Amino acid sequence: MGNTTNRPAKICFALLVHNKRNVIIDLLDNIRCFCPNSSVVLYNGGNNSSLCSNLGVPICPTSRKLNYGVTAIYMLETMRWLDDIGYDYDYLINLDSDALFIREGYEMFITEQMNNKDYMGVNTKRSDEDSYIGNQVREEYDLWKSLFGDYSLYESFNVGQVFSKKLVKRFLKSTRYSELKAKLKKTKAFGVDEVAYVTMTERFGYKLNTYPRSTGESIRYRPYFPLDETLNLLHWNKKCYLLHPVPRDIGDETRVFVQSALKQQVQYNADSQNRFLDTYLGDMPFFIRRKDSTGKTVEWLTASLEKGMSYWKFVKSKGKSYMYGPYTFGNEKVEAFTAIETQYGNIEIICRIKDKLIHYWRDEESGEWFESPSFANGVKGVPAFIESSYGNFEVVAPLRNGGLGHWWRDNHSSWDWSEPDKFGDSTYNEVILVENNSNQLTVVAKTDDRYRYFVRDDGHSWEWLGPYI
């Protein structure tokens with residue numbers, strides 16, 4: 001199947017989910033930002049029937065609880081469902097909820113790689129005798145021999161498997177379709193989806209293709225990708241688009257970094273804004289999903305072109321979307337800002353006004369916004385802001401004279417902001433602040449399209465170490 005135009009291919013991601021609705025929402029936001037021309041369908045393989053409801057994404061009607069590691073039937077049922085409803089796509093791609101895109105480009109990568117191809121997977125190969133997955137299937141020889149015969153098995157990692165629509169129809173129209181479906185229901189082989197589909201594709205006479213190493217190296221079974229390895233991939237590998245696995249923990253260091261980068265892209269990139277907004281709200285729109293979000297409510301903050309800030313709230317109910325706002329506050333021109341939801345449930349903002357930083361916070365009961373005095377000067381660019389596990393507010397911003405500044409506010413007694421800790425000797429405009437999985441503050445700074453990071457020696461010298469990479 002070929003795509004000879006410059007348009008991205010129509011990708012449909014088939015996403016198998018089991019639990020953790022907030023992680024599903026995080027991935028849907030992620031796909032919308034980094035694969036804006038693609039669609040998503042869900043298969044609910046968990047025991048919560050309402051897990052995927054009201055997310056605005058189609059759900060496979062045959063969804064049911066599947067056993068861990070023996071989930072291959074979901075893809076065949078998804079293929080059948082999409083064919084029955086006439087769903088429009090060029091390529092169907094297997095995805096999992098512990099995956100995240102870390103940059104744009106995957107859609108064009110698929111378009112170019114799949115030209116005149118019908119199947120591609122990560123590390124596609126003949127299954128050797130040492131393969132754990134292959135041997136799981138071989139132990140069920142009597143079950144699979146009528147389909148696979150005595151010929152070699154093939155395997156390909158499940159996440160990222162690409163099927164052309166032509167190949168999907170070949171599965172569905174095959175005289176072996178019912179037999180394959182029955183065996184996928186009966187099998188107990190762990191990871192059978194990494195053998196069954198690629199081996200059947202080979203048996204159908206289709207050529208097997210594998211991802212280029214530069215793109216496939218960021219898609220693996222284990223271990224989870226830590227932040228430093230993720231940054232190394234971003235720094236050195238421009239062909240790395242999809243990351244798997246990332247822990248299904250909304251507070252994981254890598255997930256928080258990717259989410260923060262996404263929010264900055266939406267805030268400062270007009271094309272990205274169009275993927276999330278169909279109404280102009282103001283300048284530099286920043287979107288907030290609450291920690292306990294069910295997907296029905298999204299809040300936005302924007303800066304006025306003249307002066308001040310605006311707060312908006314969008315609520316989905318019974319298939320309709322209702323907009324509340326703007327609620328305006330502040331009387332100076334904001335040149336950059338960022339925001340968080342605190343452990344107390346308040347929305348708090350750090351704004352850059354000229355070269356100063358100002359703190360605003362919203363009383364959730366009254367809806368009133370309050371302004372704190374300026375606590376920093378000599379800054380530029382976009383500040384980064386988190387609430388650390390210490391319970392304090394932490395802010396990092398680029399400095400006009402070079403380097404970075406770090407300020408923190410004691411939220412336990414004085415509520416005063418500290419004097420800045422200055423570190424780094426390069427010129428930065430973009431920074432992201434996270435707390436890594438060891439509870440150390442970590443700053444990711446981008447310059448010349450390269451990523452470098454600093455780690456604070458928390459609990460010891462408290463000095464900022466780096467830059468690394």
# chains A, B, ... in the order shown; residues from 1 in each chain; ligands from 1

$ residues_around --residues "region 201-213 of chain A" --least-positions-apart "2" --cutoff "7 Å" --atoms "only C-alpha atoms" --output "CSV table (one decimal) with C-alpha atoms, in the first residue's frame"
chain,number,residue,atom,x,y,z
A,119,TYR,CA,3.3,-4.7,7.9
A,120,MET,CA,6.0,-3.3,10.2
A,121,GLY,CA,7.0,-4.0,13.8
A,122,VAL,CA,9.7,-3.4,16.3
A,123,ASN,CA,12.5,-6.0,16.1
A,124,THR,CA,10.7,-8.1,13.6
A,197,TYR,CA,-0.1,-11.6,13.9
A,198,VAL,CA,3.4,-11.4,12.4
A,199,THR,CA,3.5,-15.2,11.7
A,215,THR,CA,13.2,4.7,15.9
A,216,GLY,CA,12.8,1.2,17.3
A,217,GLU,CA,15.4,1.6,20.1

$ residues_around --residues "region 240-243 of chain A" --least-positions-apart "4" --cutoff "12 Å" --atoms "only C-alpha atoms" --output "ChimeraX atom specification"
/A:27,30-31,34-35,95-110,122,159-160,211-227,229-236,247,254-255,258

$ write_last_selection --atoms "C-alpha atoms" --output "mmCIF file, in the first residue's frame"
data_model
loop_
_atom_site.group_PDB
_atom_site.id
_atom_site.type_symbol
_atom_site.label_atom_id
_atom_site.label_comp_id
_atom_site.auth_asym_id
_atom_site.auth_seq_id
_atom_site.Cartn_x
_atom_site.Cartn_y
_atom_site.Cartn_z
ATOM 1 C CA LEU A 27 -2.053 9.578 26.528
ATOM 2 C CA ASN A 30 -0.298 13.324 24.148
ATOM 3 C CA ILE A 31 -1.524 11.829 20.857
ATOM 4 C CA PHE A 34 2.131 14.996 18.744
ATOM 5 C CA CYS A 35 0.012 13.016 16.216
ATOM 6 C CA LEU A 95 -0.506 0.936 21.134
ATOM 7 C CA ASP A 96 -0.512 0.497 24.896
ATOM 8 C CA SER A 97 -1.343 2.907 27.703
ATOM 9 C CA ASP A 98 2.234 2.892 29.029
ATOM 10 C CA ALA A 99 3.508 4.544 25.841
ATOM 11 C CA LEU A 100 4.058 8.250 25.152
ATOM 12 C CA PHE A 101 5.127 10.280 22.147
ATOM 13 C CA ILE A 102 8.007 12.619 22.946
ATOM 14 C CA ARG A 103 8.121 14.703 19.759
ATOM 15 C CA GLU A 104 6.252 15.253 16.520
ATOM 16 C CA GLY A 105 7.149 13.366 13.365
ATOM 17 C CA TYR A 106 5.777 9.861 13.914
ATOM 18 C CA GLU A 107 2.955 10.371 11.423
ATOM 19 C CA MET A 108 5.331 11.297 8.590
ATOM 20 C CA PHE A 109 7.688 8.525 9.679
ATOM 21 C CA ILE A 110 4.877 5.989 9.193
ATOM 22 C CA VAL A 122 9.745 -3.388 16.259
ATOM 23 C CA VAL A 159 3.611 -2.007 20.738
ATOM 24 C CA GLY A 160 3.989 -0.196 17.435
ATOM 25 C CA TYR A 211 11.403 -0.403 12.344
ATOM 26 C CA PRO A 212 14.720 1.299 11.646
ATOM 27 C CA ARG A 213 16.936 0.934 14.693
ATOM 28 C CA SER A 214 17.000 4.687 15.321
ATOM 29 C CA THR A 215 13.226 4.716 15.883
ATOM 30 C CA GLY A 216 12.765 1.227 17.294
ATOM 31 C CA GLU A 217 15.360 1.581 20.062
ATOM 32 C CA SER A 218 12.936 3.634 22.181
ATOM 33 C CA ILE A 219 10.254 0.896 22.070
ATOM 34 C CA ARG A 220 11.008 -2.095 24.306
ATOM 35 C CA TYR A 221 9.504 -4.396 26.923
ATOM 36 C CA ARG A 222 11.511 -3.365 29.988
ATOM 37 C CA PRO A 223 13.001 -1.491 31.766
ATOM 38 C CA TYR A 224 10.892 1.655 32.053
ATOM 39 C CA PHE A 225 12.512 4.717 30.529
ATOM 40 C CA PRO A 226 13.990 6.971 33.245
ATOM 41 C CA LEU A 227 14.242 10.695 32.667
ATOM 42 C CA GLU A 229 17.713 8.113 29.235
ATOM 43 C CA THR A 230 14.710 9.900 27.747
ATOM 44 C CA LEU A 231 16.640 13.167 27.584
ATOM 45 C CA ASN A 232 19.602 11.374 26.041
ATOM 46 C CA LEU A 233 17.326 10.057 23.269
ATOM 47 C CA LEU A 234 15.863 13.505 22.665
ATOM 48 C CA HIS A 235 19.325 15.022 22.647
ATOM 49 C CA TRP A 236 21.029 12.634 20.246
ATOM 50 C CA PRO A 247 5.215 3.846 34.230
ATOM 51 C CA THR A 254 9.430 10.919 32.613
ATOM 52 C CA ARG A 255 5.665 11.273 32.348
ATOM 53 C CA VAL A 258 6.669 14.866 28.693
#

$ residues_around --residues "Phe337 (chain A)" --least-positions-apart "5" --cutoff "10 Å" --atoms "only C-alpha atoms" --output "VMD selection string"
chain A and resid 264 267 284 to 286 301 to 303 309 349 to 353 357 to 359 381 to 385

$ closest_residue --among "A:Ile85, A:Leu441, A:Met200, A:Ile93" --to "Tyr390 (chain A)" --atoms "only C-alpha atoms"
A:Leu441

$ residues_around --residues "Gly56 (chain A)" --least-positions-apart "2" --cutoff "12 Å" --atoms "only C-alpha atoms" --output "list in words"
Ile25, Leu28, Asp29, Ser39, Val40, Val41, Leu42, Cys52, Ser53, Asn54, Pro58, Ile59, Thr294, Gly295, Lys296, Lys316, Ser317, Lys318, Gly319, Lys320 and Ser321 of chain A

$ write_last_selection --atoms "N, CA, C and O atoms" --output "mmCIF file, in the first residue's frame"
data_model
loop_
_atom_site.group_PDB
_atom_site.id
_atom_site.type_symbol
_atom_site.label_atom_id
_atom_site.label_comp_id
_atom_site.auth_asym_id
_atom_site.auth_seq_id
_atom_site.Cartn_x
_atom_site.Cartn_y
_atom_site.Cartn_z
ATOM 1 N N ILE A 25 -6.250 9.483 29.847
ATOM 2 C CA ILE A 25 -6.451 10.880 29.440
ATOM 3 C C ILE A 25 -5.120 11.521 29.074
ATOM 4 O O ILE A 25 -5.014 12.262 28.088
ATOM 5 N N LEU A 28 -4.194 10.335 25.632
ATOM 6 C CA LEU A 28 -5.041 10.941 24.601
ATOM 7 C C LEU A 28 -4.608 12.384 24.322
ATOM 8 O O LEU A 28 -4.553 12.819 23.164
ATOM 9 N N ASP A 29 -4.297 13.145 25.373
ATOM 10 C CA ASP A 29 -3.757 14.496 25.186
ATOM 11 C C ASP A 29 -2.443 14.441 24.409
ATOM 12 O O ASP A 29 -2.180 15.266 23.525
ATOM 13 N N SER A 39 -6.276 9.193 14.625
ATOM 14 C CA SER A 39 -7.441 8.917 15.467
ATOM 15 C C SER A 39 -7.100 7.791 16.433
ATOM 16 O O SER A 39 -6.096 7.084 16.272
ATOM 17 N N VAL A 40 -7.946 7.646 17.442
ATOM 18 C CA VAL A 40 -7.740 6.633 18.479
ATOM 19 C C VAL A 40 -9.045 5.893 18.711
ATOM 20 O O VAL A 40 -10.119 6.504 18.746
ATOM 21 N N VAL A 41 -8.947 4.579 18.872
ATOM 22 C CA VAL A 41 -10.078 3.780 19.353
ATOM 23 C C VAL A 41 -9.600 3.002 20.571
ATOM 24 O O VAL A 41 -8.415 2.661 20.679
ATOM 25 N N LEU A 42 -10.517 2.766 21.487
ATOM 26 C CA LEU A 42 -10.177 2.120 22.749
ATOM 27 C C LEU A 42 -10.786 0.728 22.853
ATOM 28 O O LEU A 42 -11.891 0.486 22.355
ATOM 29 N N CYS A 52 -13.706 3.960 30.228
ATOM 30 C CA CYS A 52 -13.474 4.754 29.016
ATOM 31 C C CYS A 52 -14.649 5.646 28.649
ATOM 32 O O CYS A 52 -14.626 6.295 27.593
ATOM 33 N N SER A 53 -15.673 5.683 29.474
ATOM 34 C CA SER A 53 -16.873 6.434 29.111
ATOM 35 C C SER A 53 -16.617 7.935 29.127
ATOM 36 O O SER A 53 -15.807 8.446 29.904
ATOM 37 N N ASN A 54 -17.290 8.644 28.224
ATOM 38 C CA ASN A 54 -17.264 10.111 28.148
ATOM 39 C C ASN A 54 -15.876 10.688 27.903
ATOM 40 O O ASN A 54 -15.570 11.792 28.345
ATOM 41 N N PRO A 58 -14.119 6.510 20.410
ATOM 42 C CA PRO A 58 -14.893 5.283 20.209
ATOM 43 C C PRO A 58 -14.337 4.112 21.021
ATOM 44 O O PRO A 58 -13.119 3.965 21.173
ATOM 45 N N ILE A 59 -15.247 3.278 21.526
ATOM 46 C CA ILE A 59 -14.879 2.126 22.348
ATOM 47 C C ILE A 59 -15.374 0.860 21.660
ATOM 48 O O ILE A 59 -16.541 0.775 21.266
ATOM 49 N N THR A 294 -11.704 13.502 35.408
ATOM 50 C CA THR A 294 -12.403 12.412 34.738
ATOM 51 C C THR A 294 -12.502 12.676 33.240
ATOM 52 O O THR A 294 -13.108 11.886 32.514
ATOM 53 N N GLY A 295 -11.917 13.784 32.797
ATOM 54 C CA GLY A 295 -11.945 14.131 31.387
ATOM 55 C C GLY A 295 -13.084 15.048 31.002
ATOM 56 O O GLY A 295 -13.152 15.506 29.861
ATOM 57 N N LYS A 296 -13.981 15.354 31.941
ATOM 58 C CA LYS A 296 -15.145 16.179 31.615
ATOM 59 C C LYS A 296 -14.853 17.670 31.715
ATOM 60 O O LYS A 296 -15.565 18.477 31.123
ATOM 61 N N LYS A 316 -17.845 19.347 29.946
ATOM 62 C CA LYS A 316 -18.633 18.500 29.051
ATOM 63 C C LYS A 316 -19.728 17.805 29.852
ATOM 64 O O LYS A 316 -19.455 17.210 30.890
ATOM 65 N N SER A 317 -20.948 17.888 29.342
ATOM 66 C CA SER A 317 -22.074 17.245 30.011
ATOM 67 C C SER A 317 -23.102 16.826 28.967
ATOM 68 O O SER A 317 -23.542 17.650 28.159
ATOM 69 N N LYS A 318 -23.438 15.538 28.982
ATOM 70 C CA LYS A 318 -24.460 14.983 28.086
ATOM 71 C C LYS A 318 -24.173 15.319 26.625
ATOM 72 O O LYS A 318 -25.058 15.712 25.861
ATOM 73 N N GLY A 319 -22.899 15.182 26.260
ATOM 74 C CA GLY A 319 -22.515 15.371 24.867
ATOM 75 C C GLY A 319 -22.322 16.807 24.438
ATOM 76 O O GLY A 319 -21.980 17.076 23.285
ATOM 77 N N LYS A 320 -22.530 17.758 25.341
ATOM 78 C CA LYS A 320 -22.352 19.163 25.016
ATOM 79 C C LYS A 320 -21.223 19.754 25.857
ATOM 80 O O LYS A 320 -20.909 19.273 26.931
ATOM 81 N N SER A 321 -20.619 20.820 25.322
ATOM 82 C CA SER A 321 -19.537 21.489 26.022
ATOM 83 C C SER A 321 -19.984 22.894 26.421
ATOM 84 O O SER A 321 -20.515 23.645 25.593
#

$ residues_around --residues "Phe171 (chain A)" --least-positions-apart "3" --cutoff "9 Å" --atoms "only C-alpha atoms" --output "short mmCIF file (atom, residue, chain, number, x, y, z; two decimals) with all heavy atoms, in the first residue's frame"
data_model
loop_
_atom_site.label_atom_id
_atom_site.label_comp_id
_atom_site.auth_asym_id
_atom_site.auth_seq_id
_atom_site.Cartn_x
_atom_site.Cartn_y
_atom_site.Cartn_z
N LEU A 76 -7.76 -8.46 16.96
CA LEU A 76 -8.61 -9.06 15.94
C LEU A 76 -10.04 -8.55 16.06
O LEU A 76 -10.69 -8.27 15.05
CB LEU A 76 -8.57 -10.59 16.05
CG LEU A 76 -9.12 -11.35 14.84
CD1 LEU A 76 -8.25 -11.09 13.62
CD2 LEU A 76 -9.20 -12.84 15.14
N MET A 79 -10.11 -5.03 14.73
CA MET A 79 -10.12 -5.05 13.26
C MET A 79 -11.53 -5.30 12.72
O MET A 79 -12.00 -4.62 11.80
CB MET A 79 -9.17 -6.15 12.75
CG MET A 79 -7.70 -5.90 12.94
SD MET A 79 -6.73 -7.35 12.37
CE MET A 79 -5.06 -6.73 12.55
N LYS A 166 -5.21 -2.94 3.84
CA LYS A 166 -5.23 -4.11 2.95
C LYS A 166 -4.94 -5.38 3.74
O LYS A 166 -5.61 -6.41 3.55
CB LYS A 166 -4.19 -3.91 1.85
CG LYS A 166 -4.01 -5.09 0.92
CD LYS A 166 -2.90 -4.80 -0.08
CE LYS A 166 -2.58 -6.02 -0.93
NZ LYS A 166 -1.44 -5.75 -1.86
N LEU A 167 -3.94 -5.33 4.62
CA LEU A 167 -3.59 -6.50 5.43
C LEU A 167 -4.69 -6.83 6.42
O LEU A 167 -5.02 -8.00 6.65
CB LEU A 167 -2.26 -6.27 6.15
CG LEU A 167 -1.79 -7.39 7.08
CD1 LEU A 167 -1.69 -8.72 6.34
CD2 LEU A 167 -0.45 -7.02 7.71
N VAL A 168 -5.30 -5.81 7.01
CA VAL A 168 -6.41 -6.04 7.93
C VAL A 168 -7.53 -6.80 7.23
O VAL A 168 -8.08 -7.78 7.76
CB VAL A 168 -6.93 -4.70 8.50
CG1 VAL A 168 -8.25 -4.92 9.26
CG2 VAL A 168 -5.89 -4.08 9.44
N SER A 174 -9.90 -14.01 5.42
CA SER A 174 -9.23 -15.30 5.35
C SER A 174 -10.18 -16.43 5.77
O SER A 174 -10.99 -16.28 6.68
CB SER A 174 -8.00 -15.31 6.26
OG SER A 174 -7.49 -16.62 6.42
N THR A 175 -10.02 -17.57 5.12
CA THR A 175 -10.80 -18.75 5.54
C THR A 175 -10.35 -19.23 6.91
O THR A 175 -11.04 -20.04 7.53
CB THR A 175 -10.62 -19.88 4.51
OG1 THR A 175 -9.21 -20.17 4.37
CG2 THR A 175 -11.19 -19.47 3.15
N ARG A 176 -9.21 -18.73 7.37
CA ARG A 176 -8.69 -19.10 8.68
C ARG A 176 -9.08 -18.11 9.78
O ARG A 176 -8.64 -18.25 10.92
CB ARG A 176 -7.16 -19.20 8.63
CG ARG A 176 -6.65 -20.32 7.70
CD ARG A 176 -7.13 -21.68 8.22
NE ARG A 176 -6.58 -22.79 7.48
CZ ARG A 176 -5.41 -23.36 7.71
NH1 ARG A 176 -4.61 -22.87 8.63
NH2 ARG A 176 -5.03 -24.39 7.01
N TYR A 177 -9.88 -17.10 9.42
CA TYR A 177 -10.25 -16.06 10.39
C TYR A 177 -10.90 -16.66 11.64
O TYR A 177 -10.50 -16.38 12.78
CB TYR A 177 -11.18 -15.03 9.76
CG TYR A 177 -11.85 -14.11 10.76
CD1 TYR A 177 -11.16 -13.06 11.33
CD2 TYR A 177 -13.18 -14.34 11.15
CE1 TYR A 177 -11.77 -12.22 12.26
CE2 TYR A 177 -13.79 -13.51 12.08
CZ TYR A 177 -13.09 -12.46 12.62
OH TYR A 177 -13.69 -11.65 13.54
N MET A 200 1.11 -14.99 11.06
CA MET A 200 0.01 -15.09 10.10
C MET A 200 0.27 -14.19 8.88
O MET A 200 -0.03 -14.57 7.74
CB MET A 200 -1.31 -14.71 10.76
CG MET A 200 -1.86 -15.78 11.71
SD MET A 200 -2.18 -17.37 10.91
CE MET A 200 -3.47 -16.93 9.74
N THR A 201 0.84 -13.01 9.13
CA THR A 201 1.16 -12.11 8.01
C THR A 201 2.13 -12.78 7.05
O THR A 201 1.97 -12.73 5.82
CB THR A 201 1.75 -10.79 8.54
OG1 THR A 201 0.76 -10.11 9.33
CG2 THR A 201 2.19 -9.88 7.41
N PHE A 204 0.41 -15.44 5.08
CA PHE A 204 -0.42 -14.87 4.01
C PHE A 204 0.42 -14.46 2.79
O PHE A 204 -0.13 -14.10 1.75
CB PHE A 204 -1.18 -13.64 4.51
CG PHE A 204 -2.30 -13.95 5.48
CD1 PHE A 204 -2.64 -13.03 6.47
CD2 PHE A 204 -3.02 -15.13 5.40
CE1 PHE A 204 -3.68 -13.29 7.35
CE2 PHE A 204 -4.05 -15.40 6.28
CZ PHE A 204 -4.38 -14.48 7.25
#

$ select_by_dssp --residues "region 61-298 of chain A" --states "helix (DSSP H, G or I)" --output "number ranges by chain"
A: 73-84, 106-113, 132-138, 141-148, 165-173, 177-186, 193-203, 213-216, 227-236, 253-268, 270-276

$ closest_residue --among "A:Glu194, A:Glu371, A:Glu299, A:Glu394" --to "Thr71 (chain A)" --atoms "only C-alpha atoms"
A:Glu194

$ closest_atom_pairs --of "region 351-398 of chain A" --to "region 410-418 of chain A" --cutoff "7 Å" --atoms "only C-alpha atoms" --output "Markdown table"
| residue | atom | partner | partner_atom | distance |
| --- | --- | --- | --- | --- |
| A:Phe375 | CA | A:Trp417 | CA | 6.4 |
| A:Gly391 | CA | A:Asn411 | CA | 6.4 |
| A:Asn392 | CA | A:Asn411 | CA | 5.2 |
